[in-house]
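One file, query-v9.cif, carrying mmCIF, C-alpha atoms and all ligand atoms:
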data_entry
loop_
_atom_site.group_PDB
_atom_site.id
_atom_site.type_symbol
_atom_site.label_atom_id
_atom_site.label_comp_id
_atom_site.auth_asym_id
_atom_site.auth_seq_id
_atom_site.Cartn_x
_atom_site.Cartn_y
_atom_site.Cartn_z
ATOM 1 C CA GLN A 20 -84.749 28.538 27.683
ATOM 2 C CA ALA A 21 -87.807 27.892 25.557
ATOM 3 C CA ARG A 22 -88.871 30.496 23.023
ATOM 4 C CA ALA A 23 -92.513 31.523 23.192
ATOM 5 C CA LEU A 24 -94.894 30.278 20.504
ATOM 6 C CA THR A 25 -95.971 32.928 17.987
ATOM 7 C CA PRO A 26 -99.378 33.686 16.435
ATOM 8 C CA PRO A 27 -98.270 32.321 13.003
ATOM 9 C CA GLU A 28 -97.119 29.096 14.675
ATOM 10 C CA ILE A 29 -100.531 28.780 16.311
ATOM 11 C CA SER A 30 -102.245 29.316 12.930
ATOM 12 C CA GLN A 31 -100.039 26.650 11.337
ATOM 13 C CA ARG A 32 -101.174 24.072 13.867
ATOM 14 C CA LYS A 33 -104.531 23.780 12.066
ATOM 15 C CA GLY A 34 -105.055 20.195 10.965
ATOM 16 C CA LYS A 35 -102.185 18.990 13.189
ATOM 17 C CA ALA A 36 -102.070 18.358 16.949
ATOM 18 C CA PRO A 37 -104.903 19.970 18.963
ATOM 19 C CA LEU A 38 -104.131 23.377 20.472
ATOM 20 C CA ILE A 39 -104.129 23.317 24.259
ATOM 21 C CA CYS A 40 -105.274 26.556 25.871
ATOM 22 C CA LEU A 41 -106.228 27.727 29.368
ATOM 23 C CA THR A 42 -106.809 31.040 31.078
ATOM 24 C CA ALA A 43 -104.527 32.474 33.771
ATOM 25 C CA TYR A 44 -104.758 35.685 35.777
ATOM 26 C CA THR A 45 -101.819 35.411 38.186
ATOM 27 C CA THR A 46 -98.109 34.552 38.138
ATOM 28 C CA PRO A 47 -98.340 31.271 40.079
ATOM 29 C CA ILE A 48 -101.132 29.887 37.885
ATOM 30 C CA ALA A 49 -99.306 31.048 34.748
ATOM 31 C CA LYS A 50 -96.266 29.038 35.918
ATOM 32 C CA LEU A 51 -98.456 25.957 36.421
ATOM 33 C CA VAL A 52 -100.150 26.096 33.021
ATOM 34 C CA ASP A 53 -97.205 27.259 30.855
ATOM 35 C CA PRO A 54 -95.437 23.874 30.460
ATOM 36 C CA HIS A 55 -98.663 22.256 29.201
ATOM 37 C CA CYS A 56 -100.283 24.967 27.095
ATOM 38 C CA ASP A 57 -99.818 26.456 23.621
ATOM 39 C CA VAL A 58 -101.887 29.546 24.415
ATOM 40 C CA VAL A 59 -102.509 31.197 27.782
ATOM 41 C CA LEU A 60 -105.361 33.694 27.750
ATOM 42 C CA VAL A 61 -105.678 36.472 30.279
ATOM 43 C CA GLY A 62 -109.445 36.421 29.914
ATOM 44 C CA ASP A 63 -111.853 39.128 30.991
ATOM 45 C CA SER A 64 -113.506 36.250 32.873
ATOM 46 C CA VAL A 65 -111.071 37.502 35.555
ATOM 47 C CA GLY A 66 -113.824 39.950 36.548
ATOM 48 C CA MET A 67 -116.188 37.151 37.530
ATOM 49 C CA VAL A 68 -113.590 34.620 38.681
ATOM 50 C CA LEU A 69 -111.325 36.819 40.822
ATOM 51 C CA HIS A 70 -113.216 40.077 41.394
ATOM 52 C CA GLY A 71 -116.739 38.873 42.157
ATOM 53 C CA LEU A 72 -118.393 40.735 39.272
ATOM 54 C CA ALA A 73 -121.706 39.346 37.960
ATOM 55 C CA THR A 74 -120.692 39.724 34.285
ATOM 56 C CA THR A 75 -117.557 40.697 32.352
ATOM 57 C CA LEU A 76 -119.005 44.119 31.520
ATOM 58 C CA GLY A 77 -117.350 45.918 34.440
ATOM 59 C CA VAL A 78 -113.832 44.763 33.607
ATOM 60 C CA THR A 79 -111.497 47.661 32.755
ATOM 61 C CA LEU A 80 -108.367 48.006 30.625
ATOM 62 C CA ASP A 81 -106.388 48.714 33.807
ATOM 63 C CA MET A 82 -107.538 45.390 35.313
ATOM 64 C CA MET A 83 -106.469 43.560 32.145
ATOM 65 C CA ILE A 84 -103.080 45.308 32.218
ATOM 66 C CA MET A 85 -102.465 44.432 35.869
ATOM 67 C CA HIS A 86 -103.376 40.744 35.408
ATOM 68 C CA GLY A 87 -101.512 40.647 32.100
ATOM 69 C CA GLN A 88 -98.331 41.856 33.785
ATOM 70 C CA ALA A 89 -98.710 39.203 36.478
ATOM 71 C CA VAL A 90 -99.208 36.420 33.921
ATOM 72 C CA ARG A 91 -96.297 37.632 31.767
ATOM 73 C CA ARG A 92 -93.922 36.977 34.688
ATOM 74 C CA GLY A 93 -95.019 33.346 34.820
ATOM 75 C CA LEU A 94 -94.781 32.384 31.119
ATOM 76 C CA GLU A 95 -91.901 31.138 28.995
ATOM 77 C CA ARG A 96 -93.294 28.922 26.264
ATOM 78 C CA ALA A 97 -96.989 29.599 25.733
ATOM 79 C CA LEU A 98 -98.324 32.393 23.533
ATOM 80 C CA MET A 99 -99.869 35.026 25.796
ATOM 81 C CA VAL A 100 -103.149 36.567 24.637
ATOM 82 C CA VAL A 101 -104.977 39.301 26.570
ATOM 83 C CA ASP A 102 -108.711 39.975 26.250
ATOM 84 C CA MET A 103 -109.814 43.456 25.232
ATOM 85 C CA PRO A 104 -112.512 44.366 27.778
ATOM 86 C CA PHE A 105 -116.007 45.646 26.984
ATOM 87 C CA GLY A 106 -115.911 49.251 25.803
ATOM 88 C CA SER A 107 -112.223 49.256 24.865
ATOM 89 C CA TYR A 108 -112.498 48.408 21.134
ATOM 90 C CA GLU A 109 -116.077 48.547 19.747
ATOM 91 C CA GLU A 110 -116.250 52.280 19.025
ATOM 92 C CA SER A 111 -113.748 52.445 16.179
ATOM 93 C CA SER A 112 -110.702 50.760 14.713
ATOM 94 C CA GLU A 113 -108.601 53.627 16.076
ATOM 95 C CA GLN A 114 -109.890 53.140 19.616
ATOM 96 C CA ALA A 115 -109.208 49.406 19.306
ATOM 97 C CA PHE A 116 -105.654 49.997 18.089
ATOM 98 C CA ARG A 117 -104.890 52.527 20.823
ATOM 99 C CA ASN A 118 -106.005 50.146 23.558
ATOM 100 C CA ALA A 119 -104.495 47.025 21.966
ATOM 101 C CA ALA A 120 -101.175 48.866 21.725
ATOM 102 C CA ARG A 121 -101.387 49.696 25.430
ATOM 103 C CA LEU A 122 -102.080 46.059 26.278
ATOM 104 C CA MET A 123 -99.107 44.896 24.200
ATOM 105 C CA ALA A 124 -96.713 47.613 25.405
ATOM 106 C CA GLU A 125 -97.617 47.399 29.073
ATOM 107 C CA THR A 126 -98.070 43.621 29.482
ATOM 108 C CA GLY A 127 -95.732 42.176 26.852
ATOM 109 C CA CYS A 128 -98.514 40.060 25.344
ATOM 110 C CA ALA A 129 -98.036 39.057 21.704
ATOM 111 C CA ALA A 130 -101.729 39.148 20.748
ATOM 112 C CA VAL A 131 -105.140 40.377 21.880
ATOM 113 C CA LYS A 132 -108.582 38.789 21.776
ATOM 114 C CA LEU A 133 -111.828 40.590 21.046
ATOM 115 C CA GLU A 134 -115.443 39.458 20.752
ATOM 116 C CA GLY A 135 -117.528 39.760 17.604
ATOM 117 C CA GLY A 136 -117.804 38.480 14.046
ATOM 118 C CA GLU A 137 -118.775 40.388 10.911
ATOM 119 C CA ALA A 138 -119.232 43.597 12.910
ATOM 120 C CA MET A 139 -115.598 43.447 14.071
ATOM 121 C CA ALA A 140 -114.032 42.302 10.781
ATOM 122 C CA GLY A 141 -112.965 45.826 9.826
ATOM 123 C CA THR A 142 -111.349 46.345 13.221
ATOM 124 C CA ILE A 143 -109.533 42.991 13.002
ATOM 125 C CA ARG A 144 -108.211 43.948 9.543
ATOM 126 C CA PHE A 145 -107.067 47.342 10.880
ATOM 127 C CA LEU A 146 -105.252 45.812 13.857
ATOM 128 C CA THR A 147 -103.568 42.952 11.997
ATOM 129 C CA ALA A 148 -102.334 45.374 9.302
ATOM 130 C CA ARG A 149 -100.657 47.371 12.092
ATOM 131 C CA GLY A 150 -98.803 44.640 13.945
ATOM 132 C CA VAL A 151 -101.467 43.512 16.389
ATOM 133 C CA PRO A 152 -102.267 39.796 16.040
ATOM 134 C CA VAL A 153 -105.921 39.170 16.866
ATOM 135 C CA MET A 154 -107.681 36.121 18.247
ATOM 136 C CA ALA A 155 -111.398 36.458 17.495
ATOM 137 C CA HIS A 156 -114.319 35.095 19.572
ATOM 138 C CA VAL A 157 -117.718 34.151 18.095
ATOM 139 C CA GLY A 158 -120.795 32.152 19.080
ATOM 140 C CA LEU A 159 -121.685 32.997 22.666
ATOM 141 C CA THR A 160 -119.814 36.240 23.318
ATOM 142 C CA PRO A 161 -120.228 36.996 27.036
ATOM 143 C CA GLN A 162 -119.794 40.768 26.654
ATOM 144 C CA ALA A 163 -123.097 40.667 24.696
ATOM 145 C CA VAL A 164 -124.958 38.918 27.545
ATOM 146 C CA ASN A 165 -127.569 41.675 27.710
ATOM 147 C CA ALA A 166 -128.216 41.584 23.976
ATOM 148 C CA PHE A 167 -128.517 37.779 24.071
ATOM 149 C CA GLY A 168 -130.654 37.911 27.245
ATOM 150 C CA GLY A 169 -128.516 35.245 28.927
ATOM 151 C CA TYR A 170 -125.797 32.682 28.317
ATOM 152 C CA ARG A 171 -127.751 30.183 26.191
ATOM 153 C CA VAL A 172 -126.260 27.903 23.537
ATOM 154 C CA GLN A 173 -125.912 29.844 20.283
ATOM 155 C CA GLY A 174 -126.395 28.654 16.712
ATOM 156 C CA ARG A 175 -129.277 26.210 17.146
ATOM 157 C CA GLY A 176 -131.753 28.228 15.131
ATOM 158 C CA GLU A 177 -131.672 31.019 12.609
ATOM 159 C CA ASP A 178 -128.469 32.336 14.146
ATOM 160 C CA ARG A 179 -126.651 29.285 12.774
ATOM 161 C CA GLU A 180 -125.846 30.947 9.466
ATOM 162 C CA ARG A 181 -124.940 34.186 11.212
ATOM 163 C CA ILE A 182 -122.309 32.376 13.293
ATOM 164 C CA ARG A 183 -120.894 30.675 10.177
ATOM 165 C CA ARG A 184 -120.626 34.077 8.512
ATOM 166 C CA ASP A 185 -119.027 35.545 11.660
ATOM 167 C CA ALA A 186 -116.356 32.838 11.746
ATOM 168 C CA SER A 187 -115.583 33.239 8.037
ATOM 169 C CA ALA A 188 -115.484 37.033 8.359
ATOM 170 C CA VAL A 189 -112.927 37.051 11.193
ATOM 171 C CA ALA A 190 -110.778 34.457 9.401
ATOM 172 C CA GLU A 191 -110.803 36.501 6.198
ATOM 173 C CA ALA A 192 -110.064 39.675 8.164
ATOM 174 C CA GLY A 193 -106.798 38.142 9.361
ATOM 175 C CA ALA A 194 -107.484 36.738 12.844
ATOM 176 C CA PHE A 195 -104.873 34.055 13.624
ATOM 177 C CA ALA A 196 -107.378 31.875 15.524
ATOM 178 C CA VAL A 197 -110.976 32.092 16.714
ATOM 179 C CA VAL A 198 -112.657 31.033 19.948
ATOM 180 C CA LEU A 199 -115.982 29.275 19.331
ATOM 181 C CA GLU A 200 -118.070 29.415 22.493
ATOM 182 C CA LYS A 201 -121.144 27.342 23.356
ATOM 183 C CA VAL A 202 -122.310 26.185 19.935
ATOM 184 C CA PRO A 203 -123.631 22.727 18.923
ATOM 185 C CA GLU A 204 -121.153 20.132 17.673
ATOM 186 C CA PRO A 205 -122.347 20.019 14.034
ATOM 187 C CA LEU A 206 -121.918 23.778 13.695
ATOM 188 C CA ALA A 207 -118.482 23.704 15.346
ATOM 189 C CA ARG A 208 -117.432 20.901 12.975
ATOM 190 C CA ARG A 209 -118.771 22.743 9.936
ATOM 191 C CA ILE A 210 -116.993 25.990 10.825
ATOM 192 C CA THR A 211 -113.749 24.161 11.622
ATOM 193 C CA GLU A 212 -113.860 22.582 8.156
ATOM 194 C CA GLU A 213 -114.842 25.839 6.466
ATOM 195 C CA ILE A 214 -112.259 28.307 7.732
ATOM 196 C CA ALA A 215 -108.480 28.415 7.325
ATOM 197 C CA ILE A 216 -107.605 29.360 10.925
ATOM 198 C CA PRO A 217 -107.773 27.195 14.060
ATOM 199 C CA THR A 218 -111.028 27.084 16.005
ATOM 200 C CA ILE A 219 -110.538 27.009 19.784
ATOM 201 C CA GLY A 220 -113.616 25.505 21.373
ATOM 202 C CA ILE A 221 -115.238 26.103 24.739
ATOM 203 C CA GLY A 222 -118.499 24.218 24.938
ATOM 204 C CA ALA A 223 -118.061 23.550 21.225
ATOM 205 C CA SER A 224 -117.081 19.848 21.039
ATOM 206 C CA SER A 225 -113.850 18.056 20.158
ATOM 207 C CA ALA A 226 -114.409 18.859 16.470
ATOM 208 C CA CYS A 227 -112.551 22.141 17.069
ATOM 209 C CA ASP A 228 -108.823 22.553 16.383
ATOM 210 C CA GLY A 229 -108.149 23.262 20.050
ATOM 211 C CA GLN A 230 -109.791 23.640 23.429
ATOM 212 C CA ILE A 231 -109.857 26.319 26.107
ATOM 213 C CA LEU A 232 -111.329 26.383 29.608
ATOM 214 C CA VAL A 233 -111.285 28.877 32.450
ATOM 215 C CA VAL A 234 -108.597 27.372 34.661
ATOM 216 C CA ASP A 235 -110.420 28.102 37.930
ATOM 217 C CA ASP A 236 -113.495 26.277 36.570
ATOM 218 C CA MET A 237 -111.627 23.107 35.588
ATOM 219 C CA LEU A 238 -109.757 23.111 38.902
ATOM 220 C CA GLY A 239 -113.022 23.336 40.840
ATOM 221 C CA LEU A 240 -111.967 26.649 42.396
ATOM 222 C CA PHE A 241 -114.756 28.860 41.136
ATOM 223 C CA GLY A 242 -117.768 28.383 43.373
ATOM 224 C CA ASP A 243 -120.946 26.770 42.187
ATOM 225 C CA PHE A 244 -120.523 27.611 38.505
ATOM 226 C CA ARG A 245 -120.966 24.217 36.834
ATOM 227 C CA PRO A 246 -121.917 24.579 33.187
ATOM 228 C CA LYS A 247 -122.229 21.355 31.199
ATOM 229 C CA PHE A 248 -119.160 22.112 29.092
ATOM 230 C CA VAL A 249 -116.735 22.393 32.015
ATOM 231 C CA LYS A 250 -115.124 19.160 33.115
ATOM 232 C CA ARG A 251 -113.895 19.412 36.685
ATOM 233 C CA TYR A 252 -110.403 17.916 36.668
ATOM 234 C CA ALA A 253 -109.967 18.668 40.380
ATOM 235 C CA GLU A 254 -111.975 19.932 43.347
ATOM 236 C CA LEU A 255 -109.466 22.430 44.718
ATOM 237 C CA GLY A 256 -112.225 24.539 46.252
ATOM 238 C CA ASP A 257 -113.286 21.601 48.437
ATOM 239 C CA ALA A 258 -109.656 20.895 49.336
ATOM 240 C CA ALA A 259 -109.094 24.546 50.274
ATOM 241 C CA SER A 260 -112.264 24.665 52.343
ATOM 242 C CA ALA A 261 -111.264 21.541 54.271
ATOM 243 C CA ALA A 262 -107.762 22.915 54.910
ATOM 244 C CA ILE A 263 -109.149 26.219 56.199
ATOM 245 C CA ALA A 264 -111.601 24.416 58.484
ATOM 246 C CA THR A 265 -108.742 22.316 59.919
ATOM 247 C CA TYR A 266 -106.648 25.437 60.514
ATOM 248 C CA ALA A 267 -109.548 27.114 62.325
ATOM 249 C CA GLN A 268 -110.088 24.057 64.491
ATOM 250 C CA GLU A 269 -106.376 23.753 65.387
ATOM 251 C CA VAL A 270 -106.122 27.443 66.329
ATOM 252 C CA ARG A 271 -109.255 27.092 68.460
ATOM 253 C CA GLU A 272 -107.691 24.107 70.266
ATOM 254 C CA ARG A 273 -104.205 25.687 70.443
ATOM 255 C CA ARG A 274 -102.775 22.756 68.442
ATOM 256 C CA PHE A 275 -101.390 25.218 65.892
ATOM 257 C CA PRO A 276 -98.700 26.567 66.005
ATOM 258 C CA ALA A 277 -96.932 23.395 67.215
ATOM 259 C CA ALA A 278 -93.328 23.152 68.444
ATOM 260 C CA GLU A 279 -91.867 22.990 64.909
ATOM 261 C CA HIS A 280 -93.483 26.305 63.962
ATOM 262 C CA VAL A 281 -92.245 28.225 67.007
ATOM 263 C CA PHE A 282 -89.084 30.324 67.506
ATOM 264 C CA GLY A 283 -87.033 29.729 70.651
ATOM 265 C CA ASP A 284 -84.598 32.088 72.356
ATOM 266 C CA MET A 285 -81.506 30.940 70.474
ATOM 267 C CA PRO A 286 -80.793 30.987 66.714
ATOM 268 C CA LYS A 287 -81.131 27.607 64.946
ATOM 269 C CA ALA A 288 -77.394 27.382 64.191
ATOM 270 C CA VAL A 289 -76.597 27.509 67.908
ATOM 271 C CA ARG A 290 -79.097 24.704 68.580
ATOM 272 C CA GLY A 291 -77.540 22.630 65.788
ATOM 273 C CA GLU A 292 -80.715 22.557 63.673
ATOM 274 C CA LYS A 293 -80.817 22.959 59.938
ATOM 275 C CA THR A 294 -81.546 26.488 58.842
HETATM 276 O O1 LIG B 301 -112.543 35.454 29.291
HETATM 277 C C1 LIG B 301 -112.335 34.253 29.048
HETATM 278 O O2 LIG B 301 -111.913 33.466 29.911
HETATM 279 C C2 LIG B 301 -112.584 33.779 27.679
HETATM 280 C C3 LIG B 301 -112.406 32.325 27.399
HETATM 281 C C4 LIG B 301 -113.339 31.483 28.157
HETATM 282 C C5 LIG B 301 -112.436 32.020 25.944
HETATM 283 O O3 LIG B 301 -112.894 34.571 26.834
HETATM 284 NA NA NA B 302 -113.294 36.665 27.541
#
Please rewrite the model in this file as structure tokens.
Ligand code: KIV
Ligand code: NA
Amino acid sequence: QARALTPPEISQRKGKAPLICLTAYTTPIAKLVDPHCDVVLVGDSVGMVLHGLATTLGVTLDMMIMHGQAVRRGLERALMVVDMPFGSYEESSEQAFRNAARLMAETGCAAVKLEGGEAMAGTIRFLTARGVPVMAHVGLTPQAVNAFGGYRVQGRGEDRERIRRDASAVAEAGAFAVVLEKVPEPLARRITEEIAIPTIGIGASSACDGQILVVDDMLGLFGDFRPKFVKRYAELGDAASAAIATYAQEVRERRFPAAEHVFGDMPKAVRGEKT
């Protein structure tokens, strides 16, 4: 049985083969992604993707724990990282540690992710010094959607230097990797060259040390959400819709269930059928 990858092993991949990362929120999807991924993130995007929330702001620690436990049961090889939800870590380093410890103890994850750069550096230092490996997240940080006033590309103007400082600050504070979300390619390249830890890009070009996508987005399962940075590797939503329409039609016409789906009077063994 494969041993799971560790945060130091992920850090050491910088400058070597690209890090392959996806989100998962359930056991069956975790089983599908595990053989192909280095990192599986239980993202707070679960709130939008599976719970119909408009933003990630309403996601709770209990939701992250429940989805984390489900994902844990589906992983063998990938490093499991769980997002700290909005409101669970910003107040103080102590609050962050208390909730990170709950995530690790109750889900079995080996690391947590939190959003923020320079402002979170102290918290990242506090957590890493106490046995909690931290993946950071800078650039577009969706929990700050209200402060940003939307989900626009970050780092095209004066905020360029701020994002460079954020990435350096989280690296120096001890984060083992950092997600770079929705920033222009030159900035992503510059940061990747500047810092000692792997950059995991989403909407941040192939200059990053690794890539991550929301699995439901790349599978075409999540509605009409089609940002430029998501490549649709499948259209499972269309396939599911067609299958459901066919089922409805066959029930309407009494073509389903057919003979092979129906139980007779006698057990299969008596009829000589395979059981
Ligand atoms: O919540 C999430 O899915 C994320 C990734 C997109 C990085 O934070
Ligand atoms: Na997230």
- Hey, which residues come within 7 Å of ligand LIG 301 (chain B) if we count all atoms listed in the file? Could you give them as a ChimeraX atom specification? /A:42,60-65,102,198,221,231-233
- Task: Produce as a PyMOL selection string the set of residues near ligand NA 302 (chain B), where near means within 12 Å with only C-alpha atoms and all ligand atoms considered.
- Result: chain A and resi 41-44+60-68+74-76+78+83+100-105+131-135+154-157+159-164+197-200+221+231-233
- Task: Using all atoms listed in the file, find the one residue out of A:Glu137, A:Glu204, A:Glu212, A:Asp235 that sits nearest to Ala186 in chain A.
- Result: A:Glu137
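The spacing separating CA of Gly93 in chain A from CA of Ala129 in chain A amounts to 14.6 Å.
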- Provide the CA of Ile48 in chain A to CA of Arg121 in chain A distance in Å, to one decimal place. 23.4 Å
- Message: Applying the PyMOL selection byres (((chain A and resi 145) around 12) and not hetatm) to the file I just gave you, which residues come out? Please list them as a ChimeraX atom specification.
- Response: /A:108,111-117,119,139-144,146-153,189,192-194
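Computed from the coordinates, the CA of Leu255 in chain A to CA of Val234 in chain A distance equals 11.2 Å.
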- Note on the structure: In terms of only C-alpha atoms, the residue from A:Arg96, A:Arg179, A:Arg271, A:Lys247 at minimal distance from Ser224 in chain A is A:Lys247
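Among A:Met85, A:Ala23, A:Cys40, A:Ala277, the residue with the shortest atom-to-atom distance to His55 in chain A, counting all atoms listed in the file, is A:Cys40.
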- Item | Given only C-alpha atoms as the counted atoms, nearest of A:Met123, A:Ala49, A:Cys128, A:Val289 to Val90 in chain A | A:Ala49
